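Asker: Sharing my_file_34.csv below, CSV, C-alpha atoms and all ligand atoms:
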chain,number,residue,atom,x,y,z
A,1,MET,CA,-42.6,1.4,5.8
A,2,ASN,CA,-45.0,0.2,8.5
A,3,ASP,CA,-45.9,-3.4,9.1
A,4,ARG,CA,-49.5,-4.5,9.6
A,5,TYR,CA,-49.3,-3.6,13.3
A,6,GLY,CA,-48.2,0.0,12.6
A,7,ARG,CA,-44.6,-0.4,13.5
A,8,THR,CA,-42.2,1.5,11.4
A,9,ILE,CA,-39.3,-0.7,10.1
A,10,SER,CA,-36.2,1.4,9.7
A,11,TYR,CA,-33.4,-1.0,10.9
A,12,LEU,CA,-31.8,-3.8,8.9
A,13,ARG,CA,-29.5,-6.4,10.3
A,14,LEU,CA,-27.3,-8.1,7.8
A,15,SER,CA,-25.7,-11.3,8.7
A,16,LEU,CA,-22.7,-11.3,6.4
A,17,THR,CA,-21.6,-14.9,7.1
A,18,GLU,CA,-22.4,-17.9,9.3
A,19,ARG,CA,-18.7,-18.6,9.8
A,20,CYS,CA,-17.3,-17.6,13.1
A,21,THR,CA,-13.9,-17.6,14.8
A,22,LEU,CA,-15.4,-18.6,18.2
A,23,LYS,CA,-17.5,-21.4,19.5
A,24,CYS,CA,-19.7,-19.9,22.2
A,25,ALA,CA,-22.0,-22.7,23.3
A,26,TYR,CA,-25.2,-20.7,23.8
A,27,CYS,CA,-24.7,-19.1,20.3
A,28,ARG,CA,-23.9,-22.2,18.4
A,29,ALA,CA,-26.3,-24.3,20.5
A,30,GLY,CA,-24.8,-27.6,19.7
A,31,GLU,CA,-24.3,-27.0,16.0
A,32,GLY,CA,-20.7,-28.0,16.2
A,33,ALA,CA,-18.4,-27.0,13.3
A,34,CYS,CA,-19.6,-24.3,11.1
A,35,PRO,CA,-19.2,-25.2,7.4
A,36,LYS,CA,-18.8,-22.5,4.8
A,37,LYS,CA,-22.2,-22.2,3.2
A,38,SER,CA,-22.8,-20.2,0.1
A,39,GLU,CA,-23.1,-16.5,1.1
A,40,LEU,CA,-24.7,-13.6,-0.6
A,41,THR,CA,-22.2,-11.6,-2.6
A,42,ARG,CA,-21.3,-8.0,-1.7
A,43,GLU,CA,-23.3,-6.7,-4.7
A,44,GLU,CA,-26.3,-8.8,-3.5
A,45,PHE,CA,-26.1,-7.3,0.0
A,46,LEU,CA,-25.8,-3.8,-1.5
A,47,ARG,CA,-28.8,-4.3,-3.8
A,48,ILE,CA,-30.8,-5.4,-0.7
A,49,VAL,CA,-29.7,-2.2,1.1
A,50,ARG,CA,-30.6,0.0,-1.8
A,51,VAL,CA,-34.0,-1.5,-2.1
A,52,MET,CA,-34.7,-1.4,1.6
A,53,VAL,CA,-33.8,2.3,1.8
A,54,LYS,CA,-36.7,2.8,-0.6
A,55,LEU,CA,-38.9,1.2,2.0
A,56,GLY,CA,-37.6,3.4,4.8
A,57,VAL,CA,-34.5,1.7,6.2
A,58,THR,CA,-32.0,4.2,7.5
A,59,LYS,CA,-29.8,2.1,9.8
A,60,VAL,CA,-27.8,-1.1,9.0
A,61,ARG,CA,-26.0,-3.4,11.4
A,62,LEU,CA,-23.4,-5.8,10.1
A,63,THR,CA,-23.3,-9.0,12.1
A,64,GLY,CA,-22.9,-12.8,11.6
A,65,GLY,CA,-21.4,-15.4,12.4
A,66,GLU,CA,-18.4,-13.1,12.6
A,67,PRO,CA,-18.7,-10.3,10.1
A,68,MET,CA,-15.0,-9.5,10.2
A,69,LEU,CA,-14.3,-12.9,8.5
A,70,ARG,CA,-15.7,-11.4,5.3
A,71,ARG,CA,-12.6,-10.4,3.2
A,72,ASP,CA,-14.7,-7.7,1.5
A,73,LEU,CA,-15.9,-6.2,4.7
A,74,LEU,CA,-14.4,-2.8,4.1
A,75,GLU,CA,-15.9,-2.7,0.6
A,76,ILE,CA,-19.3,-3.7,2.0
A,77,VAL,CA,-19.1,-0.9,4.6
A,78,SER,CA,-18.1,1.7,2.0
A,79,GLY,CA,-20.7,0.4,-0.4
A,80,ILE,CA,-23.5,0.9,2.1
A,81,ARG,CA,-22.1,4.3,3.1
A,82,ALA,CA,-22.5,5.4,-0.5
A,83,VAL,CA,-26.2,4.6,-0.5
A,84,ASP,CA,-28.3,7.8,-0.2
A,85,GLY,CA,-30.6,7.6,2.8
A,86,ILE,CA,-28.4,5.4,5.0
A,87,GLU,CA,-27.9,7.4,8.2
A,88,GLU,CA,-26.0,4.9,10.4
A,89,ILE,CA,-23.9,1.8,9.9
A,90,THR,CA,-22.9,-0.3,12.9
A,91,MET,CA,-21.3,-3.7,13.4
A,92,THR,CA,-21.3,-6.4,16.1
A,93,THR,CA,-18.1,-8.3,16.3
A,94,ASN,CA,-16.3,-10.7,18.7
A,95,GLY,CA,-13.3,-8.4,18.5
A,96,GLN,CA,-10.8,-11.2,17.6
A,97,HIS,CA,-10.0,-9.5,14.3
A,98,LEU,CA,-10.3,-5.9,15.5
A,99,PRO,CA,-6.7,-5.0,16.4
A,100,GLY,CA,-5.3,-2.9,13.6
A,101,MET,CA,-8.7,-2.5,11.8
A,102,SER,CA,-10.6,0.3,13.7
A,103,LYS,CA,-9.2,3.2,11.7
A,104,GLU,CA,-9.8,1.5,8.4
A,105,LEU,CA,-13.4,0.7,9.4
A,106,ARG,CA,-13.9,4.4,10.4
A,107,ARG,CA,-12.5,5.5,7.1
A,108,ALA,CA,-14.8,3.1,5.2
A,109,GLY,CA,-17.8,4.7,6.9
A,110,LEU,CA,-18.6,2.6,10.0
A,111,ASP,CA,-20.3,4.7,12.6
A,112,ARG,CA,-20.5,2.5,15.7
A,113,LEU,CA,-19.2,-0.8,17.1
A,114,ASN,CA,-20.6,-3.3,19.5
A,115,ILE,CA,-18.0,-5.8,20.8
A,116,SER,CA,-19.1,-9.0,22.4
A,117,LEU,CA,-17.3,-9.8,25.7
A,118,ASP,CA,-18.7,-12.4,28.1
A,119,SER,CA,-15.8,-12.5,30.6
A,120,LEU,CA,-13.0,-10.3,31.8
A,121,ARG,CA,-11.0,-13.3,33.0
A,122,PRO,CA,-8.6,-14.6,30.3
A,123,GLU,CA,-9.0,-18.3,31.1
A,124,ARG,CA,-12.7,-18.1,31.5
A,125,TYR,CA,-13.0,-16.1,28.3
A,126,GLU,CA,-11.0,-18.7,26.4
A,127,ALA,CA,-13.2,-21.6,27.8
A,128,LEU,CA,-16.5,-19.8,27.1
A,129,THR,CA,-15.5,-18.9,23.5
A,130,GLY,CA,-13.7,-22.2,22.7
A,131,GLY,CA,-10.3,-20.6,22.3
A,132,GLY,CA,-10.7,-16.9,22.0
A,133,SER,CA,-8.1,-14.4,23.2
A,134,LEU,CA,-9.2,-11.8,25.8
A,135,GLU,CA,-6.1,-9.8,25.0
A,136,LEU,CA,-7.1,-9.3,21.4
A,137,VAL,CA,-10.6,-8.1,22.4
A,138,ARG,CA,-9.2,-5.7,24.9
A,139,THR,CA,-6.7,-4.3,22.4
A,140,GLY,CA,-9.5,-4.0,19.9
A,141,ILE,CA,-11.7,-2.0,22.4
A,142,ASP,CA,-8.9,0.4,23.2
A,143,GLU,CA,-8.1,0.9,19.5
A,144,ALA,CA,-11.8,1.4,18.7
A,145,LEU,CA,-12.0,4.2,21.4
A,146,GLU,CA,-8.8,5.8,20.0
A,147,ALA,CA,-10.2,5.7,16.5
A,148,GLY,CA,-13.1,7.7,17.7
A,149,PHE,CA,-15.9,5.1,17.9
A,150,SER,CA,-18.3,6.5,20.5
A,151,PRO,CA,-19.7,5.0,22.5
A,152,VAL,CA,-18.2,1.6,22.1
A,153,LYS,CA,-20.8,-0.9,23.3
A,154,LEU,CA,-19.8,-4.1,25.0
A,155,ASN,CA,-22.3,-6.9,24.9
A,156,ALA,CA,-22.2,-9.5,27.7
A,157,VAL,CA,-24.6,-12.4,27.8
A,158,LEU,CA,-24.9,-13.5,31.4
A,159,LEU,CA,-25.3,-17.2,32.2
A,160,ARG,CA,-26.2,-18.1,35.7
A,161,GLY,CA,-23.3,-19.9,37.5
A,162,THR,CA,-20.9,-19.2,34.6
A,163,ASN,CA,-20.1,-15.5,34.4
A,164,ASP,CA,-22.8,-13.7,36.5
A,165,ASP,CA,-20.2,-13.2,39.2
A,166,GLU,CA,-18.5,-10.6,36.9
A,167,VAL,CA,-21.4,-8.1,36.8
A,168,ASP,CA,-19.6,-5.6,39.0
A,169,ASP,CA,-16.3,-6.1,37.2
A,170,PHE,CA,-18.1,-5.2,33.9
A,171,ILE,CA,-19.7,-2.1,35.5
A,172,ALA,CA,-16.3,-1.1,36.8
A,173,LEU,CA,-15.1,-0.8,33.2
A,174,THR,CA,-17.5,2.2,32.8
A,175,LYS,CA,-15.7,4.2,35.5
A,176,ASP,CA,-13.0,5.8,33.3
A,177,LYS,CA,-13.8,4.6,29.8
A,178,PRO,CA,-16.7,5.9,27.7
A,179,VAL,CA,-18.0,2.4,27.1
A,180,HIS,CA,-21.6,1.3,27.3
A,181,VAL,CA,-21.7,-2.2,28.9
A,182,ARG,CA,-24.9,-4.1,28.0
A,183,PHE,CA,-26.1,-7.1,29.8
A,184,ILE,CA,-28.1,-9.2,27.3
A,185,GLU,CA,-30.5,-11.8,28.5
A,186,TYR,CA,-29.9,-15.2,27.1
A,187,MET,CA,-32.5,-16.1,24.4
A,188,PRO,CA,-33.6,-19.6,23.5
A,189,LEU,CA,-32.3,-19.9,20.0
A,190,GLY,CA,-31.5,-23.6,19.6
A,191,ALA,CA,-33.1,-26.9,20.4
A,192,GLU,CA,-33.7,-26.1,24.1
A,193,ASP,CA,-34.4,-23.1,26.3
A,194,HIS,CA,-32.0,-23.3,29.3
A,195,ALA,CA,-34.3,-20.9,31.2
A,196,ASN,CA,-32.6,-21.6,34.5
A,197,LEU,CA,-29.4,-20.0,33.1
A,198,ARG,CA,-31.1,-16.7,32.3
A,199,VAL,CA,-30.2,-13.7,34.5
A,200,THR,CA,-32.8,-10.9,34.2
A,201,GLY,CA,-32.1,-7.2,34.3
A,202,ASP,CA,-34.4,-6.8,37.3
A,203,GLU,CA,-32.1,-9.2,39.3
A,204,ILE,CA,-29.1,-7.1,38.4
A,205,LEU,CA,-30.9,-3.9,39.4
A,206,ARG,CA,-32.2,-5.2,42.7
A,207,ALA,CA,-28.7,-6.1,43.8
A,208,ARG,CA,-27.3,-2.7,42.7
A,209,PRO,CA,-29.5,0.1,43.9
A,210,ALA,CA,-26.7,2.6,43.2
A,211,LEU,CA,-27.4,2.3,39.5
A,212,VAL,CA,-29.5,5.3,38.4
A,213,PRO,CA,-31.6,5.6,35.3
A,214,ALA,CA,-29.8,7.3,32.4
A,215,GLU,CA,-31.2,9.2,29.4
A,216,PRO,CA,-31.9,6.6,26.6
A,217,MET,CA,-29.4,7.0,23.7
A,218,TYR,CA,-32.2,7.1,21.2
A,219,GLU,CA,-35.9,6.9,21.2
A,220,GLY,CA,-37.5,3.5,21.2
A,221,GLN,CA,-34.2,1.7,22.0
A,222,PRO,CA,-34.6,-1.8,23.5
A,223,ALA,CA,-32.1,-1.2,26.3
A,224,ARG,CA,-32.9,0.3,29.7
A,225,ASP,CA,-29.9,2.5,30.5
A,226,PHE,CA,-28.3,3.2,33.8
A,227,ARG,CA,-25.1,4.6,35.2
A,228,LEU,CA,-23.2,4.9,38.5
A,229,PRO,CA,-22.9,8.6,39.6
A,230,GLY,CA,-19.6,10.1,38.5
A,231,TYR,CA,-18.8,7.3,36.0
A,232,THR,CA,-17.9,8.1,32.4
A,233,GLY,CA,-19.7,5.2,30.7
A,234,SER,CA,-23.1,3.6,31.2
A,235,VAL,CA,-24.8,0.3,31.6
A,236,GLY,CA,-27.7,-1.1,29.5
A,237,LEU,CA,-30.1,-3.9,30.3
A,238,ILE,CA,-31.5,-5.8,27.3
A,239,ASN,CA,-34.3,-8.2,28.4
A,240,PRO,CA,-36.1,-9.5,25.3
A,241,VAL,CA,-37.6,-12.3,27.4
A,242,SER,CA,-38.5,-10.8,30.7
A,243,HIS,CA,-39.2,-7.3,29.3
A,244,ARG,CA,-40.3,-7.8,25.7
A,245,PHE,CA,-40.1,-4.8,23.4
A,246,CYS,CA,-41.9,-6.2,20.4
A,247,ASP,CA,-44.4,-3.3,20.3
A,248,SER,CA,-41.6,-0.9,19.4
A,249,CYS,CA,-39.5,-3.4,17.3
A,250,ASN,CA,-38.2,-1.6,14.2
A,251,ARG,CA,-35.9,-4.2,12.7
A,252,VAL,CA,-35.7,-7.1,10.3
A,253,ARG,CA,-32.8,-9.4,9.5
A,254,VAL,CA,-31.4,-10.7,6.2
A,255,MET,CA,-29.1,-13.7,6.6
A,256,SER,CA,-26.1,-14.6,4.5
A,257,ASP,CA,-28.1,-17.4,2.8
A,258,GLY,CA,-30.5,-14.8,1.4
A,259,MET,CA,-33.4,-15.5,3.8
A,260,LEU,CA,-35.2,-12.5,5.4
A,261,ARG,CA,-36.3,-13.2,8.9
A,262,PRO,CA,-38.7,-10.5,10.1
A,263,CYS,CA,-38.6,-11.6,13.8
A,264,LEU,CA,-35.7,-13.1,15.7
A,265,GLY,CA,-38.1,-15.2,17.9
A,266,GLN,CA,-40.3,-16.7,15.2
A,267,ASN,CA,-39.3,-19.2,12.5
A,268,MET,CA,-41.0,-17.3,9.6
A,269,GLU,CA,-38.6,-16.6,6.8
A,270,VAL,CA,-38.9,-15.4,3.3
A,271,SER,CA,-36.3,-16.2,0.6
A,272,LEU,CA,-34.9,-13.3,-1.4
A,273,LYS,CA,-32.8,-15.6,-3.6
A,274,GLU,CA,-35.2,-15.9,-6.5
A,275,ALA,CA,-35.8,-12.2,-6.5
A,276,LEU,CA,-32.1,-11.5,-6.4
A,277,GLU,CA,-31.5,-13.9,-9.2
A,278,SER,CA,-34.3,-12.4,-11.3
A,279,GLY,CA,-32.2,-9.2,-11.5
A,280,ASP,CA,-35.4,-7.2,-11.2
A,281,ASP,CA,-35.3,-4.7,-8.3
A,282,VAL,CA,-39.1,-4.3,-8.4
A,283,ILE,CA,-39.6,-8.0,-7.7
A,284,LEU,CA,-37.0,-7.7,-4.9
A,285,LEU,CA,-38.8,-4.7,-3.4
A,286,GLU,CA,-42.2,-6.3,-3.5
A,287,THR,CA,-40.9,-9.5,-1.9
A,288,ILE,CA,-39.3,-7.5,0.9
A,289,ARG,CA,-42.4,-5.3,1.3
A,290,ASN,CA,-44.6,-8.4,1.7
A,291,ALA,CA,-42.2,-9.9,4.3
A,292,ILE,CA,-42.1,-6.6,6.3
A,293,TRP,CA,-45.9,-6.3,6.2
A,294,ASN,CA,-46.2,-9.8,7.6
A,295,LYS,CA,-43.7,-9.3,10.4
A,296,PRO,CA,-45.1,-11.3,13.4
A,297,LYS,CA,-46.7,-9.3,16.2
A,298,ALA,CA,-44.4,-10.7,18.8
A,299,HIS,CA,-41.6,-13.2,19.5
A,300,ALA,CA,-42.5,-16.5,21.0
A,301,PHE,CA,-39.6,-16.8,23.5
A,302,GLY,CA,-40.9,-18.3,26.8
A,303,GLU,CA,-43.6,-20.2,25.0
A,304,GLU,CA,-43.3,-23.6,23.2
A,305,PHE,CA,-41.0,-22.0,20.7
A,306,VAL,CA,-38.2,-23.9,19.2
A,307,SER,CA,-36.0,-21.9,16.9
A,308,ASP,CA,-35.0,-23.7,13.7
A,309,LYS,CA,-31.8,-21.7,13.6
A,310,THR,CA,-29.2,-20.7,16.2
A,311,MET,CA,-28.1,-17.2,16.8
A,312,SER,CA,-24.8,-17.8,15.0
A,313,ARG,CA,-26.7,-18.5,11.8
A,314,ILE,CA,-29.4,-15.8,12.2
A,315,GLY,CA,-27.0,-13.0,13.2
A,316,GLY,CA,-27.2,-11.3,16.7
B,401,LIG,N1,-19.6,-12.8,16.1
B,401,LIG,C1,-20.1,-11.5,16.4
B,401,LIG,C2,-20.1,-11.4,17.9
B,401,LIG,O1,-19.7,-12.2,18.6
B,401,LIG,O2,-20.5,-10.3,18.4
B,401,LIG,C3,-21.5,-11.2,15.9
B,401,LIG,C4,-22.6,-12.3,15.9
B,401,LIG,S1,-23.1,-12.8,17.6
B,401,LIG,C5,-24.4,-13.9,17.1
B,401,LIG,C6,-23.9,-11.3,18.1
B,401,LIG,C7,-24.3,-11.3,19.6
B,401,LIG,O3,-25.4,-12.3,19.8
B,401,LIG,C8,-23.2,-11.6,20.5
B,401,LIG,O4,-23.1,-10.5,21.4
B,401,LIG,C9,-23.7,-12.8,21.2
B,401,LIG,O5,-23.3,-12.9,22.6
B,401,LIG,C10,-25.2,-12.7,21.1
B,401,LIG,N2,-25.9,-14.0,21.3
B,401,LIG,C11,-25.6,-15.1,20.7
B,401,LIG,N3,-26.5,-16.1,21.0
B,401,LIG,C12,-27.3,-15.6,21.9
B,401,LIG,C13,-28.4,-16.0,22.7
B,401,LIG,N4,-28.8,-17.3,22.6
B,401,LIG,N5,-29.0,-15.2,23.5
B,401,LIG,C14,-28.6,-13.9,23.6
B,401,LIG,N6,-27.6,-13.4,22.9
B,401,LIG,C15,-27.0,-14.2,22.1
As structure tokens, how would this structure be written, given the file I've shared?
Answerer:
Amino acid sequence: MNDRYGRTISYLRLSLTERCTLKCAYCRAGEGACPKKSELTREEFLRIVRVMVKLGVTKVRLTGGEPMLRRDLLEIVSGIRAVDGIEEITMTTNGQHLPGMSKELRRAGLDRLNISLDSLRPERYEALTGGGSLELVRTGIDEALEAGFSPVKLNAVLLRGTNDDEVDDFIALTKDKPVHVRFIEYMPLGAEDHANLRVTGDEILRARPALVPAEPMYEGQPARDFRLPGYTGSVGLINPVSHRFCDSCNRVRVMSDGMLRPCLGQNMEVSLKEALESGDDVILLETIRNAIWNKPKAHAFGEEFVSDKTMSRIGG
């Protein structure tokens, strides 16, 4: 369906849990330990997907927290796969639980994988993530490629003075592997905007004139794509703050606590809990239809915006 600004909403991001294995500071933004909150059940998520397909959703991304912490992840994937009208299911993961799982995820019906990776240096990765293992992520990436996920997207959030000296190392990964490395601008989703830490895509491009524009993977995508001539993989720049793409935004988010957030960069949320508890799909559909219709025109990053939730809670 269209929202009031004529944007067609076809993409649902489901945050399966707020729990995460890692403690990336910019994602948790000072929230500390992450208690287990009550989470929607698998059947509740599937009801939401079934209803949203009726409103025109064709693509679902599973995220979190860390979606692979859900014990029923494979059943959630296969349940969504069974919904008529779903064309694509993707997942964003930190890769810590990926080794040994890629084939099963493929079998369950997952189409694509985004793996978060902010450093290629083991000690730095461990420090940035509060104890994560780079080896596990790298094994996970190789297995995902072997299992036939294509392309595998690698998400790196660059923070000035922390990991922005690794841009060329990340790009080098695209030489022989069919991976798509995406540099994502840090967004202010916490108490403060550390704007001085943000590394823009334009800065990356200015310093690397050899990067040439590549065909977008799909129409209306937020990333600007590039590649180095002769390289197998590609590079994407995602700059929600310096190059906002709100006019073509096609997504809404449902979080594990049953709240629907139509825009990442605005605090407006609508509860689906009562509609889910009513057991009536018509009520659920009308609640979601209203929320989509009222999707904010644009995010408020870069303004006086203070997000009431961190990314780890909303789902990236
Ligand atoms: N745990 C999974 C993971 O690590 O990929 C999924 C959830 S995580 C919130 C999804 C993505 O959001 C990650 O790539 C993470 O780096 C990104 N992210 C988190 N906080 C962010 C922020 N403040 N600005 C930009 N990206 C952020």
Asker: I'd like a table as JSON lines: residues in chain A with an atom no more than 8 Å from ligand LIG 401 (chain B), each row giving the shortest atom pair and its distance in Å to one decimal, all atoms listed in the file counted, sorted by chain and rising residue number.
Answerer:
{"residue": "A:Ser15", "atom": "CA", "partner": "B:LIG401", "partner_atom": "C4", "distance": 7.9}
{"residue": "A:Cys20", "atom": "CA", "partner": "B:LIG401", "partner_atom": "N1", "distance": 6.1}
{"residue": "A:Thr21", "atom": "CA", "partner": "B:LIG401", "partner_atom": "N1", "distance": 7.6}
{"residue": "A:Leu22", "atom": "CA", "partner": "B:LIG401", "partner_atom": "N1", "distance": 7.5}
{"residue": "A:Cys24", "atom": "CA", "partner": "B:LIG401", "partner_atom": "C11", "distance": 7.8}
{"residue": "A:Tyr26", "atom": "CA", "partner": "B:LIG401", "partner_atom": "N4", "distance": 5.1}
{"residue": "A:Cys27", "atom": "CA", "partner": "B:LIG401", "partner_atom": "N3", "distance": 3.6}
{"residue": "A:Arg28", "atom": "CA", "partner": "B:LIG401", "partner_atom": "N3", "distance": 7.1}
{"residue": "A:Ala29", "atom": "CA", "partner": "B:LIG401", "partner_atom": "N4", "distance": 7.7}
{"residue": "A:Thr63", "atom": "CA", "partner": "B:LIG401", "partner_atom": "C3", "distance": 4.7}
{"residue": "A:Gly64", "atom": "CA", "partner": "B:LIG401", "partner_atom": "C4", "distance": 4.3}
{"residue": "A:Gly65", "atom": "CA", "partner": "B:LIG401", "partner_atom": "C4", "distance": 4.8}
{"residue": "A:Glu66", "atom": "CA", "partner": "B:LIG401", "partner_atom": "N1", "distance": 3.7}
{"residue": "A:Pro67", "atom": "CA", "partner": "B:LIG401", "partner_atom": "C3", "distance": 6.5}
{"residue": "A:Met91", "atom": "CA", "partner": "B:LIG401", "partner_atom": "C3", "distance": 7.9}
{"residue": "A:Thr92", "atom": "CA", "partner": "B:LIG401", "partner_atom": "O2", "distance": 4.6}
{"residue": "A:Thr93", "atom": "CA", "partner": "B:LIG401", "partner_atom": "O2", "distance": 3.8}
{"residue": "A:Asn94", "atom": "CA", "partner": "B:LIG401", "partner_atom": "O1", "distance": 3.7}
{"residue": "A:Gly95", "atom": "CA", "partner": "B:LIG401", "partner_atom": "O1", "distance": 7.4}
{"residue": "A:Asn114", "atom": "CA", "partner": "B:LIG401", "partner_atom": "O2", "distance": 7.1}
{"residue": "A:Ile115", "atom": "CA", "partner": "B:LIG401", "partner_atom": "O2", "distance": 5.7}
{"residue": "A:Ser116", "atom": "CA", "partner": "B:LIG401", "partner_atom": "O4", "distance": 4.4}
{"residue": "A:Leu117", "atom": "CA", "partner": "B:LIG401", "partner_atom": "O4", "distance": 7.3}
{"residue": "A:Asp118", "atom": "CA", "partner": "B:LIG401", "partner_atom": "O5", "distance": 7.2}
{"residue": "A:Asn155", "atom": "CA", "partner": "B:LIG401", "partner_atom": "O4", "distance": 5.1}
{"residue": "A:Ala156", "atom": "CA", "partner": "B:LIG401", "partner_atom": "O5", "distance": 6.2}
{"residue": "A:Val157", "atom": "CA", "partner": "B:LIG401", "partner_atom": "O5", "distance": 5.4}
{"residue": "A:Ile184", "atom": "CA", "partner": "B:LIG401", "partner_atom": "C14", "distance": 6.0}
{"residue": "A:Glu185", "atom": "CA", "partner": "B:LIG401", "partner_atom": "C14", "distance": 5.7}
{"residue": "A:Tyr186", "atom": "CA", "partner": "B:LIG401", "partner_atom": "N5", "distance": 3.7}
{"residue": "A:Met187", "atom": "CA", "partner": "B:LIG401", "partner_atom": "N5", "distance": 3.7}
{"residue": "A:Pro188", "atom": "CA", "partner": "B:LIG401", "partner_atom": "N4", "distance": 5.4}
{"residue": "A:Leu189", "atom": "CA", "partner": "B:LIG401", "partner_atom": "N4", "distance": 5.1}
{"residue": "A:Gly190", "atom": "CA", "partner": "B:LIG401", "partner_atom": "N4", "distance": 7.5}
{"residue": "A:Thr310", "atom": "CA", "partner": "B:LIG401", "partner_atom": "N3", "distance": 7.2}
{"residue": "A:Met311", "atom": "CA", "partner": "B:LIG401", "partner_atom": "N3", "distance": 4.6}
{"residue": "A:Ser312", "atom": "CA", "partner": "B:LIG401", "partner_atom": "C5", "distance": 4.4}
{"residue": "A:Arg313", "atom": "CA", "partner": "B:LIG401", "partner_atom": "C5", "distance": 7.4}
{"residue": "A:Ile314", "atom": "CA", "partner": "B:LIG401", "partner_atom": "C5", "distance": 7.3}
{"residue": "A:Gly315", "atom": "CA", "partner": "B:LIG401", "partner_atom": "C5", "distance": 4.8}
{"residue": "A:Gly316", "atom": "CA", "partner": "B:LIG401", "partner_atom": "C6", "distance": 3.6}
Asker: From the options A:Thr17, A:Gln221, A:Asn267, A:Thr200, which residue's atoms come nearest to Val306 of chain A, counting all atoms listed in the file?
Answerer: A:Asn267
Asker: So that I can check the surroundings of Asn250 of chain A, please list as a PyMOL selection string every protein, DNA and RNA residue that reaches within 9 Å of it, counting only C-alpha atoms and ignoring chain neighbours fewer than 5 positions away.
Answerer: chain A and resi 7-12+220
Asker: With distances taken over only C-alpha atoms, which of A:Val199, A:Met1, A:Leu46, A:Val57 is nearest to Gly79 of chain A?
Answerer: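 Among the listed residues, the smallest separation from Gly79 of chain A belongs to A:Leu46.
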Asker: Just to confirm, what's the straight-line distance from atom CA of Gly148 of chain A to atom CA of Ile89 of chain A in Å (one decimal)?
Answerer: 14.6 Å
Asker: Enclose all atoms of segment 192-198 of chain A listed in the file in an axis-aligned box, grow every side by 8 Å, and hand back centre and edge lengths in Å to one decimal, as lines of an AutoDock Vina configuration file.
Answerer:
center_x = -31.9
center_y = -21.4
center_z = 29.3
size_x = 21.0
size_y = 25.4
size_z = 26.4
Asker: Taking only C-alpha atoms into account, which of A:Leu158, A:Pro178, A:Phe45, A:Ala172 comes nearest Glu203 of chain A?
Answerer: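 Distance minimum relative to Glu203 of chain A lands on A:Leu158.
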Asker: From the set A:Glu135, A:Met68, A:Gly130, A:Leu228, which residue has the shortest atom-to-atom contact distance to Leu105 of chain A, counting all atoms listed in the file?
Answerer: A:Met68
Asker: What gap, in Å, lies between atom CA of Arg107 of chain A and atom CA of Glu75 of chain A?
Answerer: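 Interatomic distance, atom CA of Arg107 of chain A to atom CA of Glu75 of chain A: 11.0 Å.
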Asker: If you measure from atom CA of Ile292 of chain A to atom CA of Asp3 of chain A, what distance in Å do you get, rounded to one decimal?
Answerer: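 Between atom CA of Ile292 of chain A and atom CA of Asp3 of chain A the gap works out to 5.7 Å.
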Asker: Between A:Arg42, A:Pro216, A:Tyr125, A:Val252, which has the minimum distance to Val60 of chain A (counting all atoms listed in the file)?
Answerer: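 Once distances to Val60 of chain A are computed over all atoms listed in the file, the minimum belongs to A:Val252.
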Asker: Rank A:Arg244, A:Met217, A:Ser133, A:Met52 by their smallest atom-to-atom distance to Glu286 of chain A, using all atoms listed in the file, and report the top residue only.
Answerer: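 Ranked by minimum distance to Glu286 of chain A, first place goes to A:Met52.
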Asker: Can you tell me which residues surround Gly201 of chain A at a distance of at most 8 Å, considering only C-alpha atoms, apart from same-chain residues fewer than 6 positions away, and format the answer as a list in words?
Answerer: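 Using only C-alpha atoms, the neighbours found are Phe183, Glu185, Leu237, Ile238 and Asn239 of chain A.
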Asker: Considering all atoms listed in the file, return as a CSV table (one decimal) with C-alpha atoms, in the frame of the given file whatever protein or nucleic-acid residues lie within 6 Å of Lys153 of chain A, sequence-local ones (same chain, fewer than 6 positions apart) excluded.
Answerer:
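Output below, filename around00.csv:
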chain,number,residue,atom,x,y,z
A,114,ASN,CA,-20.6,-3.3,19.5
A,179,VAL,CA,-18.0,2.4,27.1
A,180,HIS,CA,-21.6,1.3,27.3
A,181,VAL,CA,-21.7,-2.2,28.9
Asker: Within 9 Å of Val77 of chain A, counting all atoms listed in the file, which residues qualify if same-chain residues fewer than 5 places away don't, as a PyMOL selection string?
Answerer: chain A and resi 62+72+82+89+105+108-110
Asker: Contacts of Ser271 of chain A at 12 Å or less, counting all atoms listed in the file, minus same-chain residues fewer than 3 places along, as a ChimeraX atom specification?
Answerer: /A:40,253-262,268,274-277,284,287-288,290-291
